[in-house]
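Pasted below: protein.json, JSON, C-alpha atoms and all ligand atoms.
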```
[["chain", "number", "residue", "atom", "x", "y", "z"],
["S", 8, "MET", "CA", 76.99, 170.69, 120.60],
["S", 9, "ASP", "CA", 73.47, 171.95, 121.13],
["S", 10, "LEU", "CA", 71.30, 169.60, 119.05],
["S", 11, "VAL", "CA", 67.66, 170.46, 118.46],
["S", 12, "LEU", "CA", 67.09, 167.18, 116.64],
["S", 13, "GLU", "CA", 68.97, 163.90, 116.64],
["S", 14, "THR", "CA", 68.24, 160.50, 115.14],
["S", 15, "LYS", "CA", 69.99, 157.25, 115.98],
["S", 16, "LYS", "CA", 69.76, 154.37, 113.53],
["S", 17, "ILE", "CA", 66.21, 154.97, 112.36],
["S", 18, "ASN", "CA", 64.88, 152.15, 110.20],
["S", 19, "LYS", "CA", 61.45, 151.78, 108.72],
["S", 20, "HIS", "CA", 59.72, 149.06, 106.72],
["S", 21, "PHE", "CA", 56.47, 149.34, 104.79],
["S", 22, "LEU", "CA", 54.92, 145.90, 105.10],
["S", 23, "LYS", "CA", 52.31, 146.18, 102.33],
["S", 24, "PRO", "CA", 52.00, 145.25, 99.53],
["S", 25, "LYS", "CA", 55.30, 143.50, 100.38],
["S", 26, "ASP", "CA", 58.13, 144.16, 102.83],
["S", 27, "PHE", "CA", 60.00, 147.29, 101.72],
["S", 28, "HIS", "CA", 62.93, 148.63, 103.77],
["S", 29, "VAL", "CA", 62.30, 152.34, 103.10],
["S", 30, "LEU", "CA", 64.66, 153.97, 105.66],
["S", 31, "LYS", "CA", 68.04, 152.43, 106.51],
["S", 32, "ASP", "CA", 70.11, 153.40, 109.56],
["S", 33, "ILE", "CA", 69.34, 157.11, 109.47],
["S", 34, "SER", "CA", 71.59, 158.85, 112.02],
["S", 35, "PHE", "CA", 72.21, 162.60, 112.04],
["S", 36, "GLY", "CA", 71.83, 165.72, 114.15],
["S", 37, "ILE", "CA", 70.69, 169.30, 113.58],
["S", 38, "GLU", "CA", 72.38, 172.02, 115.59],
["S", 39, "LYS", "CA", 70.65, 175.08, 116.96],
["S", 40, "GLY", "CA", 70.51, 177.77, 114.30],
["S", 41, "GLU", "CA", 71.44, 175.40, 111.48],
["S", 42, "PHE", "CA", 69.68, 175.68, 108.11],
["S", 43, "THR", "CA", 69.70, 172.22, 106.51],
["S", 44, "SER", "CA", 68.13, 170.92, 103.34],
["S", 45, "ILE", "CA", 67.33, 167.31, 102.46],
["S", 46, "MET", "CA", 67.65, 166.35, 98.80],
["S", 47, "GLY", "CA", 67.36, 163.10, 96.90],
["S", 48, "LYS", "CA", 65.58, 161.54, 93.95],
["S", 49, "SER", "CA", 61.87, 160.91, 94.05],
["S", 50, "GLY", "CA", 61.21, 157.81, 96.15],
["S", 51, "SER", "CA", 64.47, 158.03, 98.15],
["S", 52, "GLY", "CA", 62.50, 158.34, 101.42],
["S", 53, "LYS", "CA", 62.60, 162.08, 102.19],
["S", 54, "SER", "CA", 58.92, 162.55, 103.04],
["S", 55, "THR", "CA", 58.81, 159.28, 104.96],
["S", 56, "LEU", "CA", 61.74, 160.50, 107.07],
["S", 57, "LEU", "CA", 60.21, 163.94, 107.63],
["S", 58, "TYR", "CA", 56.98, 162.32, 108.78],
["S", 59, "ILE", "CA", 58.91, 160.42, 111.45],
["S", 60, "LEU", "CA", 60.93, 163.50, 112.46],
["S", 61, "SER", "CA", 57.70, 165.46, 112.78],
["S", 62, "THR", "CA", 56.56, 162.83, 115.35],
["S", 63, "MET", "CA", 53.48, 162.00, 113.25],
["S", 64, "ASP", "CA", 54.72, 158.52, 112.33],
["S", 65, "THR", "CA", 55.71, 156.30, 115.25],
["S", 66, "GLU", "CA", 56.15, 153.05, 113.28],
["S", 67, "TYR", "CA", 59.94, 152.79, 113.12],
["S", 68, "THR", "CA", 62.92, 151.41, 115.03],
["S", 69, "GLY", "CA", 65.79, 153.52, 116.35],
["S", 70, "GLU", "CA", 65.62, 156.72, 118.38],
["S", 71, "LEU", "CA", 64.44, 160.26, 117.78],
["S", 72, "TYR", "CA", 65.38, 163.14, 120.10],
["S", 73, "LEU", "CA", 63.92, 166.65, 119.98],
["S", 74, "ASN", "CA", 65.51, 169.39, 122.07],
["S", 75, "ASN", "CA", 67.59, 166.67, 123.82],
["S", 76, "GLY", "CA", 64.50, 164.73, 124.94],
["S", 77, "LEU", "CA", 63.79, 161.18, 123.76],
["S", 78, "ILE", "CA", 60.61, 161.21, 121.66],
["S", 79, "THR", "CA", 60.48, 157.55, 120.68],
["S", 80, "GLY", "CA", 58.00, 155.59, 122.78],
["S", 81, "LYS", "CA", 55.86, 158.54, 123.89],
["S", 82, "ASN", "CA", 52.08, 158.26, 123.59],
["S", 83, "GLN", "CA", 49.97, 160.26, 121.10],
["S", 84, "LYS", "CA", 48.87, 162.86, 123.65],
["S", 85, "GLU", "CA", 52.47, 163.57, 124.70],
["S", 86, "LEU", "CA", 53.57, 163.67, 121.07],
["S", 87, "SER", "CA", 50.90, 166.15, 120.13],
["S", 88, "GLN", "CA", 52.01, 168.49, 122.95],
["S", 89, "ILE", "CA", 55.69, 168.17, 121.98],
["S", 90, "ARG", "CA", 54.86, 168.73, 118.32],
["S", 91, "ASN", "CA", 52.84, 171.86, 119.00],
["S", 92, "LYS", "CA", 55.49, 173.28, 121.27],
["S", 93, "TYR", "CA", 58.81, 172.57, 119.58],
["S", 94, "VAL", "CA", 58.16, 172.07, 115.89],
["S", 95, "GLY", "CA", 56.64, 174.17, 113.13],
["S", 96, "PHE", "CA", 55.70, 172.81, 109.70],
["S", 97, "VAL", "CA", 55.42, 174.32, 106.26],
["S", 98, "PHE", "CA", 54.20, 172.25, 103.36],
["S", 99, "GLN", "CA", 54.05, 172.62, 99.58],
["S", 100, "PHE", "CA", 50.34, 173.29, 99.91],
["S", 101, "HIS", "CA", 49.57, 175.70, 102.70],
["S", 102, "TYR", "CA", 46.43, 174.00, 104.11],
["S", 103, "LEU", "CA", 44.96, 177.29, 105.34],
["S", 104, "LEU", "CA", 41.29, 177.30, 106.35],
["S", 105, "SER", "CA", 39.91, 179.37, 103.51],
["S", 106, "GLU", "CA", 36.85, 180.76, 105.31],
["S", 107, "PHE", "CA", 38.94, 181.93, 108.28],
["S", 108, "THR", "CA", 40.85, 185.19, 108.30],
["S", 109, "VAL", "CA", 44.63, 185.27, 108.02],
["S", 110, "LEU", "CA", 44.86, 186.19, 111.71],
["S", 111, "GLU", "CA", 42.57, 183.32, 112.78],
["S", 112, "ASN", "CA", 44.62, 180.84, 110.73],
["S", 113, "VAL", "CA", 47.87, 181.98, 112.35],
["S", 114, "MET", "CA", 46.38, 181.81, 115.86],
["S", 115, "LEU", "CA", 45.07, 178.25, 115.50],
["S", 116, "PRO", "CA", 48.11, 176.18, 116.68],
["S", 117, "ALA", "CA", 48.44, 178.37, 119.79],
["S", 118, "LYS", "CA", 44.75, 177.90, 120.56],
["S", 119, "LYS", "CA", 45.33, 174.13, 120.39],
["S", 120, "LEU", "CA", 48.19, 174.37, 122.89],
["S", 121, "ALA", "CA", 45.83, 176.31, 125.21],
["S", 122, "GLU", "CA", 48.62, 177.88, 127.29],
["S", 123, "LYS", "CA", 47.87, 181.56, 126.61],
["S", 124, "SER", "CA", 44.84, 183.83, 126.58],
["S", 125, "HIS", "CA", 43.10, 184.84, 123.36],
["S", 126, "GLN", "CA", 44.55, 188.38, 123.66],
["S", 127, "GLU", "CA", 48.10, 187.15, 124.16],
["S", 128, "ILE", "CA", 47.82, 184.81, 121.18],
["S", 129, "GLU", "CA", 46.39, 187.58, 119.02],
["S", 130, "TYR", "CA", 49.28, 189.87, 119.98],
["S", 131, "ILE", "CA", 51.90, 187.22, 119.13],
["S", 132, "ALA", "CA", 50.12, 186.38, 115.86],
["S", 133, "MET", "CA", 50.20, 190.07, 114.84],
["S", 134, "GLU", "CA", 53.95, 190.18, 115.67],
["S", 135, "LYS", "CA", 54.53, 187.19, 113.38],
["S", 136, "LEU", "CA", 52.49, 188.79, 110.60],
["S", 137, "LYS", "CA", 54.57, 191.98, 110.96],
["S", 138, "MET", "CA", 57.78, 189.97, 110.83],
["S", 139, "LEU", "CA", 56.62, 188.48, 107.53],
["S", 140, "ASP", "CA", 55.42, 191.85, 106.27],
["S", 141, "ILE", "CA", 51.79, 190.79, 105.85],
["S", 142, "GLU", "CA", 50.14, 192.45, 108.84],
["S", 143, "LYS", "CA", 47.87, 194.42, 106.52],
["S", 144, "LEU", "CA", 46.27, 191.11, 105.48],
["S", 145, "ALA", "CA", 45.34, 190.14, 109.06],
["S", 146, "LEU", "CA", 41.56, 190.51, 108.63],
["S", 147, "GLN", "CA", 41.44, 189.29, 105.04],
["S", 148, "ARG", "CA", 39.90, 185.88, 104.37],
["S", 149, "ALA", "CA", 42.58, 183.30, 103.54],
["S", 150, "SER", "CA", 40.78, 182.48, 100.27],
["S", 151, "ARG", "CA", 41.27, 186.08, 99.07],
["S", 152, "ILE", "CA", 45.09, 186.33, 99.09],
["S", 153, "SER", "CA", 47.77, 185.31, 96.57],
["S", 154, "GLY", "CA", 49.80, 182.06, 96.57],
["S", 155, "GLY", "CA", 52.97, 183.77, 97.81],
["S", 156, "GLU", "CA", 51.01, 185.53, 100.56],
["S", 157, "LYS", "CA", 49.37, 182.24, 101.57],
["S", 158, "GLN", "CA", 52.79, 180.65, 102.03],
["S", 159, "ARG", "CA", 53.86, 183.58, 104.23],
["S", 160, "VAL", "CA", 50.73, 183.07, 106.32],
["S", 161, "ALA", "CA", 51.58, 179.36, 106.58],
["S", 162, "ILE", "CA", 55.07, 180.31, 107.82],
["S", 163, "ALA", "CA", 53.60, 182.75, 110.38],
["S", 164, "ARG", "CA", 51.27, 179.97, 111.56],
["S", 165, "ALA", "CA", 54.22, 177.56, 111.86],
["S", 166, "LEU", "CA", 56.02, 180.10, 114.07],
["S", 167, "ILE", "CA", 53.16, 180.99, 116.41],
["S", 168, "ASN", "CA", 54.35, 178.74, 119.28],
["S", 169, "ASN", "CA", 57.99, 179.86, 118.89],
["S", 170, "PRO", "CA", 59.29, 176.44, 117.79],
["S", 171, "VAL", "CA", 62.98, 175.50, 118.04],
["S", 172, "LEU", "CA", 62.80, 173.79, 114.67],
["S", 173, "LEU", "CA", 60.94, 174.59, 111.47],
["S", 174, "MET", "CA", 60.46, 171.66, 109.09],
["S", 175, "GLY", "CA", 59.28, 171.96, 105.54],
["S", 176, "ASP", "CA", 58.28, 169.50, 102.84],
["S", 177, "GLU", "CA", 58.81, 171.29, 99.52],
["S", 178, "PRO", "CA", 57.66, 174.67, 100.90],
["S", 179, "THR", "CA", 58.66, 176.44, 97.67],
["S", 180, "GLY", "CA", 57.49, 173.64, 95.35],
["S", 181, "ASN", "CA", 54.32, 175.45, 94.39],
["S", 182, "LEU", "CA", 55.79, 178.96, 94.05],
["S", 183, "ASP", "CA", 57.31, 180.90, 91.16],
["S", 184, "SER", "CA", 61.00, 181.77, 91.46],
["S", 185, "ARG", "CA", 60.39, 185.26, 92.90],
["S", 186, "ASN", "CA", 58.15, 183.93, 95.68],
["S", 187, "ALA", "CA", 60.51, 180.98, 96.26],
["S", 188, "ASP", "CA", 63.36, 183.48, 96.75],
["S", 189, "ASN", "CA", 61.20, 185.43, 99.18],
["S", 190, "VAL", "CA", 60.53, 182.30, 101.23],
["S", 191, "PHE", "CA", 64.24, 181.42, 101.26],
["S", 192, "ASN", "CA", 65.08, 184.94, 102.49],
["S", 193, "ILE", "CA", 62.47, 184.68, 105.24],
["S", 194, "PHE", "CA", 63.98, 181.36, 106.37],
["S", 195, "LYS", "CA", 67.48, 182.87, 106.35],
["S", 196, "GLN", "CA", 66.28, 185.83, 108.38],
["S", 197, "LEU", "CA", 64.64, 183.48, 110.91],
["S", 198, "LYS", "CA", 67.89, 181.59, 111.25],
["S", 199, "GLU", "CA", 69.97, 184.72, 111.67],
["S", 200, "GLU", "CA", 67.68, 186.82, 113.82],
["S", 201, "GLU", "CA", 65.73, 184.23, 115.81],
["S", 202, "ASP", "CA", 68.36, 181.45, 115.95],
["S", 203, "LEU", "CA", 65.76, 179.09, 114.50],
["S", 204, "SER", "CA", 66.88, 175.72, 113.09],
["S", 205, "LEU", "CA", 65.41, 174.72, 109.74],
["S", 206, "LEU", "CA", 65.13, 171.34, 108.05],
["S", 207, "ILE", "CA", 63.71, 171.61, 104.56],
["S", 208, "VAL", "CA", 63.05, 168.87, 102.00],
["S", 209, "THR", "CA", 63.47, 170.35, 98.54],
["S", 210, "HIS", "CA", 64.02, 169.42, 94.90],
["S", 211, "ASP", "CA", 65.27, 172.94, 94.21],
["S", 212, "GLU", "CA", 69.08, 172.82, 93.86],
["S", 213, "ASP", "CA", 69.46, 176.61, 93.92],
["S", 214, "PHE", "CA", 67.56, 176.72, 97.21],
["S", 215, "ALA", "CA", 69.56, 173.83, 98.73],
["S", 216, "ASN", "CA", 72.92, 175.27, 97.64],
["S", 217, "LYS", "CA", 72.21, 178.40, 99.67],
["S", 218, "THR", "CA", 71.55, 176.45, 102.92],
["S", 219, "ASP", "CA", 74.27, 175.61, 105.51],
["S", 220, "ARG", "CA", 74.22, 171.89, 104.78],
["S", 221, "ILE", "CA", 72.68, 169.42, 102.34],
["S", 222, "ILE", "CA", 71.70, 165.94, 103.48],
["S", 223, "GLN", "CA", 71.64, 163.78, 100.38],
["S", 224, "MET", "CA", 69.44, 160.68, 100.39],
["S", 225, "GLU", "CA", 69.50, 157.68, 98.07],
["S", 226, "ASP", "CA", 67.43, 154.50, 98.39],
["S", 227, "GLY", "CA", 66.55, 155.18, 102.02],
["S", 228, "ARG", "CA", 70.08, 156.00, 103.17],
["S", 229, "ILE", "CA", 71.95, 159.22, 103.86],
["S", 230, "ILE", "CA", 74.81, 159.14, 101.37],
["S", 231, "SER", "CA", 76.31, 162.53, 102.30],
["S", 232, "SER", "CA", 75.61, 165.25, 104.81],
["F", 1, "LIG", "N1", 52.29, 153.95, 102.74],
["F", 1, "LIG", "C1", 53.20, 153.40, 101.94],
["F", 1, "LIG", "N2", 53.22, 152.06, 101.71],
["F", 1, "LIG", "C2", 54.15, 151.49, 100.92],
["F", 1, "LIG", "N3", 55.14, 152.18, 100.30],
["F", 1, "LIG", "C3", 55.18, 153.51, 100.47],
["F", 1, "LIG", "C4", 54.22, 154.19, 101.30],
["F", 1, "LIG", "N4", 54.53, 155.54, 101.29],
["F", 1, "LIG", "C5", 55.62, 155.67, 100.50],
["F", 1, "LIG", "N5", 56.01, 154.47, 100.01],
["F", 1, "LIG", "C6", 57.17, 154.22, 99.15],
["F", 1, "LIG", "O1", 58.34, 154.57, 99.89],
["F", 1, "LIG", "C7", 59.33, 155.18, 99.04],
["F", 1, "LIG", "C8", 59.73, 156.53, 99.62],
["F", 1, "LIG", "O2", 58.64, 157.43, 99.51],
["F", 1, "LIG", "P1", 58.78, 158.96, 99.94],
["F", 1, "LIG", "O3", 57.46, 159.60, 99.69],
["F", 1, "LIG", "O4", 59.36, 159.03, 101.28],
["F", 1, "LIG", "O5", 59.86, 159.46, 98.88],
["F", 1, "LIG", "P2", 60.35, 160.94, 98.58],
["F", 1, "LIG", "O6", 61.85, 160.88, 98.54],
["F", 1, "LIG", "O7", 59.73, 161.90, 99.52],
["F", 1, "LIG", "O8", 59.79, 161.17, 97.11],
["F", 1, "LIG", "P3", 59.26, 162.52, 96.38],
["F", 1, "LIG", "O9", 60.49, 163.34, 96.15],
["F", 1, "LIG", "O10", 58.67, 162.01, 95.11],
["F", 1, "LIG", "O11", 58.26, 163.17, 97.28],
["F", 1, "LIG", "C9", 58.70, 155.26, 97.67],
["F", 1, "LIG", "O12", 59.17, 154.15, 96.91],
["F", 1, "LIG", "C10", 57.21, 155.13, 97.92],
["F", 1, "LIG", "O13", 56.54, 154.52, 96.84]]
```
Once you've parsed the file, please lay out its structure as structure tokens.
Ligand SMILES: Nc1ncnc2c1ncn2[C@@H]1O[C@H](COP(=O)(O)OP(=O)(O)OP(=O)(O)O)[C@@H](O)[C@H]1O
Amino acid sequence: MDLVLETKKINKHFLKPKDFHVLKDISFGIEKGEFTSIMGKSGSGKSTLLYILSTMDTEYTGELYLNNGLITGKNQKELSQIRNKYVGFVFQFHYLLSEFTVLENVMLPAKKLAEKSHQEIEYIAMEKLKMLDIEKLALQRASRISGGEKQRVAIARALINNPVLLMGDEPTGNLDSRNADNVFNIFKQLKEEEDLSLLIVTHDEDFANKTDRIIQMEDGRIISS
């Protein structure tokens, strides 16, 4: 099995205001090209888990592997490199820089990685915009485009460093059903054509039912997957 992500017995406690065991023995793997959704009631620990998987939160016990490499125990500088290289993120709110153009927003994570020239990054960014059918918006300010378009730009930005895994926290939560369907179809296309793995937290049952696998969480545990 070619796993792009694996967790072994991840546990997390919030210590304030009092000890709360929020994640309990979370062990699972995501295969290359797999499209997985995470569902569960509000408060079941989905966002807390995603934050750990995204390497942003290091306060947990257990082990996290990305692309077969052990992530747990690495320092912040190493984590930031790994994050930029292997993982893309899409959130409910797109967090675009509104005074920047669409193209500039998409280029930003590649600029941070500082491995390619400005011209190369611009070329790749335009390719991503074409893939998402929004290349005509490249020079438009991010504040001047629609909600559905903004989410496409956020997806293009998440893909700029060619990640192996795209993670999303409610990426369709703020969209109407037509735009939510569009985003699902883009994800499916990325899985099928680019062999990308996707791990998406969602409350949308229709969306989750169309993915390859649903990980169901309850009270900090995985109850089915
Ligand atoms: N910083 C924190 N300190 C203490 N408790 C927290 C903290 N962050 C979250 N929690 C608690 O941990 C539990 C899990 O929260 P989390 O946000 O992971 O749930 P969720 O499943 O993503 O919920 P939702 O679907 O509403 O986004 C909740 O009971 C929440 O109140």
### Message
Which residues are near ligand LIG 1 (chain F) - at most 10 Å, using all atoms listed in the file? Format: as a count of residues only.
### Response
35
### Task
Find the distance between atom CA of S:Lys92 and atom CA of S:Ile131 and write it in Å to one decimal.
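Rounded to one decimal, the two atoms are 14.6 Å apart.
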### Query
So which one's closest to S:Glu200, S:Val11, S:Asn74, S:Ser124, S:Gly40? Using only C-alpha atoms, please.
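Smallest distance to S:Glu200 is found for S:Gly40.
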List as a compact mmCIF listing (two decimals) with C-alpha atoms, keeping the file's coordinate frame the protein and nucleic acid residues near S:Leu104, meaning an atom at most 7 Å away when only C-alpha atoms are counted, but skip any in the same chain fewer than 3 places from it.
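And here is the file that came out, around-v3.txt:
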```txt
# COMPACT_ATOMS: atom_id res chain seq x y z
CA PHE S 107 38.94 181.93 108.28
CA ASN S 112 44.62 180.84 110.73
CA ALA S 149 42.58 183.30 103.54
```
### Message
One decimal, in Å: what's the spacing between atom CA of S:Thr65 and atom CA of S:Ile37?
### Response
19.9 Å
Please report as CSV every residue of stretch 83-135 of chain S lying within 6 Å of stretch 178-183 of chain S, along with the nearest atom pair and their distance in Å (one decimal), using all atoms listed in the file.
```
residue,atom,partner,partner_atom,distance
S:Val97,CA,S:Pro178,CA,5.8
S:Phe98,CA,S:Pro178,CA,4.9
S:Gln99,CA,S:Pro178,CA,4.4
```
As AutoDock Vina command-line options, please: the centre and edge lengths in Å, to one decimal, of an axis-aligned box enclosing every listed atom of stretch 27-32 of chain S with 3 Å added on each side.
```
--center_x 65.1 --center_y 150.6 --center_z 105.6 --size_x 16.1 --size_y 12.7 --size_z 13.8
```
### Message
Report, in Å with one decimal, the straight-line distance from atom CA of S:Arg90 to atom CA of S:Ser231.
### Response
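Atom-to-atom, atom CA of S:Arg90 and atom CA of S:Ser231 are spaced 27.5 Å apart.
Comparing the minimum interatomic distances between S:Thr218 and each of S:Lys198, S:Lys81, S:Arg151, S:Lys135, counting all atoms listed in the file, we find that S:Lys198 sits nearest.
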